[in-house]
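**Student:** File follows, target-v2.txt with compact mmCIF, C-alpha atoms:
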# COMPACT_ATOMS: atom_id res chain seq x y z
CA MET A 1 96.35 240.71 63.62
CA SER A 2 98.64 238.65 65.83
CA GLN A 3 101.72 240.04 67.55
CA ALA A 4 104.73 240.73 65.33
CA VAL A 5 107.58 238.23 65.63
CA TRP A 6 110.15 240.46 63.91
CA THR A 7 110.57 244.15 63.10
CA GLY A 8 113.03 245.40 60.52
CA SER A 9 113.02 246.48 56.90
CA ILE A 10 112.94 245.22 53.32
CA SER A 11 115.91 246.48 51.36
CA PHE A 12 116.69 246.39 47.64
CA GLY A 13 118.84 248.87 45.77
CA LEU A 14 118.39 252.28 47.41
CA VAL A 15 114.92 251.40 48.72
CA ASN A 16 114.39 250.61 52.41
CA ILE A 17 110.88 249.86 53.70
CA PRO A 18 110.27 249.41 57.47
CA VAL A 19 108.09 246.33 58.02
CA LYS A 20 106.80 243.96 60.68
CA LEU A 21 106.51 240.19 60.33
CA TYR A 22 103.39 238.37 61.53
CA PRO A 23 102.60 234.62 61.58
CA ALA A 24 100.15 233.75 58.81
CA THR A 25 99.07 230.40 60.26
CA GLU A 26 97.88 229.10 63.62
CA PRO A 27 97.96 225.30 64.06
CA LYS A 28 94.94 223.86 65.88
CA ASP A 29 96.56 220.65 67.08
CA VAL A 30 95.05 219.11 70.22
CA ARG A 31 97.68 218.55 72.90
CA PHE A 32 96.99 216.03 75.65
CA HIS A 33 98.61 215.73 79.07
CA LEU A 34 99.38 212.29 80.47
CA TYR A 35 97.92 210.97 83.74
CA ASP A 36 98.28 207.85 85.87
CA ARG A 37 94.90 206.12 85.66
CA ARG A 38 95.54 204.39 89.01
CA THR A 39 96.14 207.58 91.02
CA GLY A 40 94.74 210.36 88.83
CA LYS A 41 98.06 212.21 89.10
CA ARG A 42 99.82 214.02 86.25
CA VAL A 43 102.73 212.10 84.72
CA HIS A 44 106.03 214.02 84.72
CA TYR A 45 109.28 213.23 82.97
CA GLU A 46 112.67 213.51 84.62
CA ARG A 47 116.22 213.79 83.32
CA VAL A 48 117.77 210.42 84.15
CA THR A 49 120.55 208.08 83.10
CA LYS A 50 120.24 204.29 83.07
CA GLU A 51 122.69 202.01 84.84
CA ILE A 52 122.80 199.63 81.87
CA ASP A 53 123.82 202.35 79.37
CA ALA A 54 127.52 202.56 78.49
CA PRO A 55 129.15 206.04 78.39
CA THR A 56 129.27 207.52 74.89
CA PHE A 57 132.14 209.90 75.74
CA GLU A 58 134.75 210.30 78.48
CA PRO A 59 132.87 211.74 81.47
CA GLU A 60 134.25 214.66 83.44
CA PRO A 61 135.77 213.78 86.83
CA PHE A 62 133.80 214.84 89.88
CA SER A 63 133.98 214.33 93.61
CA ASP A 64 131.32 212.56 95.62
CA ASP A 65 130.65 214.91 98.52
CA LEU A 66 127.59 213.08 99.79
CA PRO A 67 127.67 212.12 103.47
CA GLU A 68 128.16 208.45 104.19
CA ASP A 69 124.57 208.12 105.40
CA ASP A 70 123.23 209.47 102.09
CA ARG A 71 125.32 207.00 100.11
CA ALA A 72 124.02 204.05 102.05
CA GLU A 73 121.39 201.88 100.49
CA ARG A 74 117.94 202.52 101.83
CA PRO A 75 114.51 201.22 100.86
CA THR A 76 112.01 203.47 99.14
CA SER A 77 108.28 203.12 98.55
CA ASP A 78 106.06 203.63 95.52
CA ASN A 79 102.74 205.51 95.28
CA PHE A 80 100.94 202.66 97.02
CA GLY A 81 103.30 202.34 99.99
CA ARG A 82 104.98 199.20 98.69
CA VAL A 83 108.66 198.93 99.58
CA VAL A 84 111.01 199.07 96.60
CA SER A 85 114.66 198.12 96.94
CA ALA A 86 117.15 200.87 96.07
CA ALA A 87 120.15 198.51 95.92
CA THR A 88 120.43 198.79 92.12
CA PRO A 89 118.50 201.82 90.88
CA ALA A 90 117.22 201.50 87.32
CA ALA A 91 117.73 205.22 86.66
CA GLN A 92 119.62 208.09 88.24
CA SER A 93 118.42 211.69 88.19
CA VAL A 94 120.59 214.23 86.35
CA GLU A 95 120.77 217.86 87.44
CA ARG A 96 120.11 220.49 84.76
CA GLU A 97 123.64 221.91 85.06
CA ASP A 98 125.09 218.47 84.30
CA VAL A 99 123.23 218.08 80.99
CA VAL A 100 125.26 218.75 77.82
CA ARG A 101 124.18 218.71 74.19
CA GLY A 102 125.75 216.18 71.87
CA PHE A 103 125.72 215.38 68.15
CA GLU A 104 126.52 211.87 66.95
CA LEU A 105 128.67 211.75 63.82
CA PRO A 106 128.05 209.14 61.09
CA GLY A 107 131.03 207.13 62.35
CA GLY A 108 129.54 206.89 65.83
CA ASP A 109 131.73 209.51 67.55
CA LEU A 110 129.92 212.00 69.76
CA VAL A 111 130.70 215.72 69.75
CA THR A 112 129.50 217.66 72.80
CA VAL A 113 128.87 221.40 72.89
CA THR A 114 128.15 223.81 75.72
CA GLU A 115 125.54 226.57 75.81
CA ASP A 116 128.33 229.17 75.66
CA GLU A 117 129.73 227.55 72.51
CA LEU A 118 126.28 227.58 70.88
CA VAL A 119 125.84 231.25 71.75
CA SER A 120 129.26 232.11 70.31
CA ILE A 121 128.46 230.58 66.89
CA ALA A 122 124.84 231.74 66.65
CA PRO A 123 124.33 234.16 63.73
CA GLU A 124 123.53 237.75 64.58
CA ARG A 125 119.85 238.59 64.31
CA SER A 126 118.98 240.46 61.11
CA ARG A 127 117.36 243.87 60.99
CA THR A 128 117.07 243.87 57.21
CA ILE A 129 115.75 241.45 54.62
CA GLU A 130 118.04 241.95 51.65
CA ILE A 131 116.21 241.17 48.39
CA GLU A 132 118.88 239.71 46.11
CA GLU A 133 116.80 239.05 43.01
CA PHE A 134 113.28 238.88 41.60
CA VAL A 135 112.06 235.66 39.98
CA ASP A 136 108.86 234.33 38.46
CA ILE A 137 106.73 232.68 41.13
CA ALA A 138 106.38 229.61 38.87
CA ASP A 139 110.14 229.07 39.17
CA ILE A 140 109.80 228.06 42.84
CA ASP A 141 108.77 224.46 43.43
CA PRO A 142 106.12 224.46 46.22
CA VAL A 143 108.07 221.72 48.02
CA PHE A 144 110.54 224.42 49.09
CA TYR A 145 107.92 226.43 51.01
CA GLU A 146 108.42 226.00 54.76
CA LYS A 147 106.38 228.55 56.77
CA SER A 148 104.18 231.50 55.85
CA TYR A 149 104.16 235.01 57.32
CA HIS A 150 102.48 238.33 56.55
CA LEU A 151 104.60 241.44 56.02
CA GLY A 152 103.04 244.75 57.00
CA PRO A 153 104.41 248.31 56.87
CA VAL A 154 105.46 249.96 60.12
CA ARG A 155 102.91 252.70 60.73
CA GLY A 156 104.07 256.26 61.29
CA MET A 157 107.47 255.84 59.62
CA GLY A 158 106.53 256.73 56.06
CA ALA A 159 106.53 253.09 55.01
CA GLU A 160 102.97 252.89 53.68
CA LYS A 161 103.58 254.52 50.27
CA PRO A 162 106.76 252.63 49.23
CA TYR A 163 105.17 249.43 50.57
CA ALA A 164 102.09 249.95 48.38
CA LEU A 165 104.25 250.77 45.35
CA LEU A 166 106.31 247.60 45.82
CA LEU A 167 103.14 245.52 46.23
CA ARG A 168 101.58 246.88 43.02
CA ALA A 169 104.81 246.47 41.06
CA MET A 170 105.17 242.84 42.12
CA GLN A 171 101.50 242.15 41.39
CA GLY A 172 101.83 243.62 37.90
CA ALA A 173 105.02 241.73 37.09
CA GLY A 174 103.98 238.44 38.70
CA MET A 175 107.36 238.29 40.43
CA VAL A 176 108.58 237.36 43.90
CA GLY A 177 111.63 238.69 45.71
CA ILE A 178 114.26 236.25 46.97
CA GLY A 179 116.23 237.36 50.01
CA ARG A 180 117.97 236.29 53.19
CA PHE A 181 117.70 237.14 56.87
CA VAL A 182 118.11 235.64 60.34
CA LEU A 183 114.92 235.05 62.34
CA ARG A 184 115.67 234.41 66.00
CA THR A 185 118.86 232.34 65.62
CA LYS A 186 118.26 230.61 62.28
CA PRO A 187 119.33 231.90 58.85
CA HIS A 188 116.59 231.74 56.22
CA VAL A 189 116.24 232.07 52.49
CA VAL A 190 112.86 233.71 51.89
CA ALA A 191 110.44 234.47 49.09
CA ILE A 192 108.44 237.70 49.36
CA ARG A 193 105.32 237.44 47.23
CA PRO A 194 102.33 239.70 46.60
CA LEU A 195 98.86 238.89 47.90
CA LYS A 196 95.74 240.90 47.07
CA ASP A 197 96.27 243.61 49.69
CA ALA A 198 99.59 242.78 51.34
CA LEU A 199 102.96 241.12 51.01
CA ALA A 200 103.58 237.60 52.24
CA LEU A 201 106.90 236.11 53.25
CA GLU A 202 107.63 232.41 52.83
CA THR A 203 110.65 230.86 54.50
CA LEU A 204 112.17 228.30 52.15
CA PHE A 205 113.89 225.00 52.76
CA PHE A 206 117.52 224.86 51.67
CA ALA A 207 118.27 222.54 48.76
CA ASP A 208 119.88 219.89 50.99
CA GLU A 209 116.74 219.80 53.16
CA VAL A 210 114.50 218.65 50.30
CA ARG A 211 114.44 214.93 49.64
CA SER A 212 114.64 213.47 46.17
CA PRO A 213 111.52 211.51 45.11
CA ALA A 214 113.74 208.74 43.74
As structure tokens - that is how I would like this structure written.

**Tutor:**
Amino acid sequence: MSQAVWTGSISFGLVNIPVKLYPATEPKDVRFHLYDRRTGKRVHYERVTKEIDAPTFEPEPFSDDLPEDDRAERPTSDNFGRVVSAATPAAQSVEREDVVRGFELPGGDLVTVTEDELVSIAPERSRTIEIEEFVDIADIDPVFYEKSYHLGPVRGMGAEKPYALLLRAMQGAGMVGIGRFVLRTKPHVVAIRPLKDALALETLFFADEVRSPA
């Protein structure tokens, strides 16, 4: 079995079962790198801004501490030694510390956020999956299923027996448990359903993430 991505417990009523969460799928997508066919070198991408782009928000003031010689225009050359004028650069490199995240509102306004602000609003990681209700599996439209995981009992903590009892009870009733927890930094609604020999956990899309067919 693959490495667990989360360790915590399933909780409902007075029952608390220590469990581990394992990915149930492994995509086999082929990923290609990009190369320059003229030189055989790997193509890399840089953080740049374009001279022709207008600012989308009021930039922060900064001082240009570059020496005069470094600010002077100077010719550069490409991979083949050809001289390229640097009088009007098409793009300017951006340092990592100068990059900010931004979200464009429907009206066109841009809201910027810092890493510290994102950390301050991130939900606290869950240690418990709280089962709020049990429903018939047929009541869940498959379009809401997002990603599948396996749930296994934590060995050596007395979890095996209550885990097996919960599995058999859910198999007999044909029910799934609906709960909530935070995986990494994202809150999830989940469905815990019985398989033949184990419990599976399905993260579910929220209602506003599912498109109407109309």

**Student:** Report, in Å with one decimal, the straight-line distance from CA of Glu130 (chain A) to CA of Gly13 (chain A).

**Tutor:** 9.1 Å

**Student:** Determine, counting all atoms listed in the file, every residue of protein, DNA or RNA that lies within 12 Å of (97.0, 231.2, 64.7) in the file coordinates, then give the result as a compact mmCIF listing (two decimals) with C-alpha atoms, keeping the file's coordinate frame.

**Tutor:**
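Dumped everything to part-v7.txt:
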# COMPACT_ATOMS: atom_id res chain seq x y z
CA MET A 1 96.35 240.71 63.62
CA SER A 2 98.64 238.65 65.83
CA GLN A 3 101.72 240.04 67.55
CA TYR A 22 103.39 238.37 61.53
CA PRO A 23 102.60 234.62 61.58
CA ALA A 24 100.15 233.75 58.81
CA THR A 25 99.07 230.40 60.26
CA GLU A 26 97.88 229.10 63.62
CA PRO A 27 97.96 225.30 64.06
CA LYS A 28 94.94 223.86 65.88
CA ASP A 29 96.56 220.65 67.08
CA SER A 148 104.18 231.50 55.85
CA TYR A 149 104.16 235.01 57.32

**Student:** Just to confirm, what's the straight-line distance from CA of Phe144 (chain A) to CA of Glu124 (chain A) in Å (one decimal)?

**Tutor:** 24.2 Å

**Student:** What is the CA of Thr203 (chain A) to CA of Thr114 (chain A) distance in Å?

**Tutor:** 28.4 Å

**Student:** Counting all atoms listed in the file, which residue out of A:Pro142, A:Gly158, A:Gly102, A:Pro213 sits closest to Ala191 (chain A)?

**Tutor:**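 Among A:Pro142, A:Gly158, A:Gly102, A:Pro213, it is A:Pro142 that comes nearest to Ala191 (chain A).
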
**Student:** Identify which of the residues A:Val5, A:Leu14, A:Met170, A:Ala122 lies closest to Lys186 (chain A), counting all atoms listed in the file when measuring atom-to-atom distances.

**Tutor:**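 That would be A:Ala122, the residue with the smallest distance to Lys186 (chain A).
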
**Student:** When distances are computed from all atoms listed in the file, which of A:Val189, A:Leu199, A:Val100, A:Ala159 shows the smallest separation from Gln171 (chain A)?

**Tutor:**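 Checking each candidate against Gln171 (chain A), we get A:Leu199 as the closest.
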
**Student:** Can you pull out the residues contacting Asp139 (chain A)? Cut-off 10 Å, using all atoms listed in the file, and skip same-chain residues under 4 positions away; I want them as a PDB file with C-alpha atoms, in the coordinates of the input.

**Tutor:**
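The resulting file, result-v4.pdb, is shown below:
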ATOM      1  CA  VAL A 135     112.060 235.660  39.980  1.00  0.00           C
ATOM      2  CA  MET A 175     107.360 238.290  40.430  1.00  0.00           C
ATOM      3  CA  VAL A 176     108.580 237.360  43.900  1.00  0.00           C
TER       4      VAL A 176
END

**Student:** When distances are computed from all atoms listed in the file, which of A:Gly179, A:Val19, A:Val210, A:Ala169 shows the smallest separation from Pro194 (chain A)?

**Tutor:** A:Ala169

**Student:** Find the residues near Arg193 (chain A): any atom within 10 Å, counting all atoms listed in the file, skip ones fewer than 5 places away on the same chain, and give them as number ranges by chain.

**Tutor:** A: 134, 136-137, 150-151, 167, 170-171, 174-178, 198-202

**Student:** Give me, as a ChimeraX atom specification, all polymer residues having an atom no more than 12 Å from Arg155 (chain A), counting only C-alpha atoms and skipping those fewer than 6 positions away in the same chain.

**Tutor:** /A:7,17-20,161,163

**Student:** Set the distance at 12 Å and use only C-alpha atoms: which residues neighbour Tyr45 (chain A) once local chain neighbours fewer than 6 positions away are removed? I'd like the list as a PDB file with C-alpha atoms, in the coordinates of the input.

**Tutor:**
ATOM      1  CA  HIS A  33      98.610 215.730  79.070  1.00  0.00           C
ATOM      2  CA  LEU A  34      99.380 212.290  80.470  1.00  0.00           C
ATOM      3  CA  TYR A  35      97.920 210.970  83.740  1.00  0.00           C
ATOM      4  CA  SER A  93     118.420 211.690  88.190  1.00  0.00           C
ATOM      5  CA  VAL A  94     120.590 214.230  86.350  1.00  0.00           C
TER       6      VAL A  94
END

**Student:** Using all atoms listed in the file for the distances, tell me which of A:Pro153, A:Arg127, A:Asp208, A:Leu21 is nearest to Arg180 (chain A).

**Tutor:**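 When distances to Arg180 (chain A) are compared using all atoms listed in the file, the smallest one comes from A:Arg127.
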
**Student:** Restricting the calculation to all atoms listed in the file, which member of A:Pro187, A:Pro162, A:Gly107, A:Gly40 is positioned closest to Phe205 (chain A)?

**Tutor:** A:Pro187
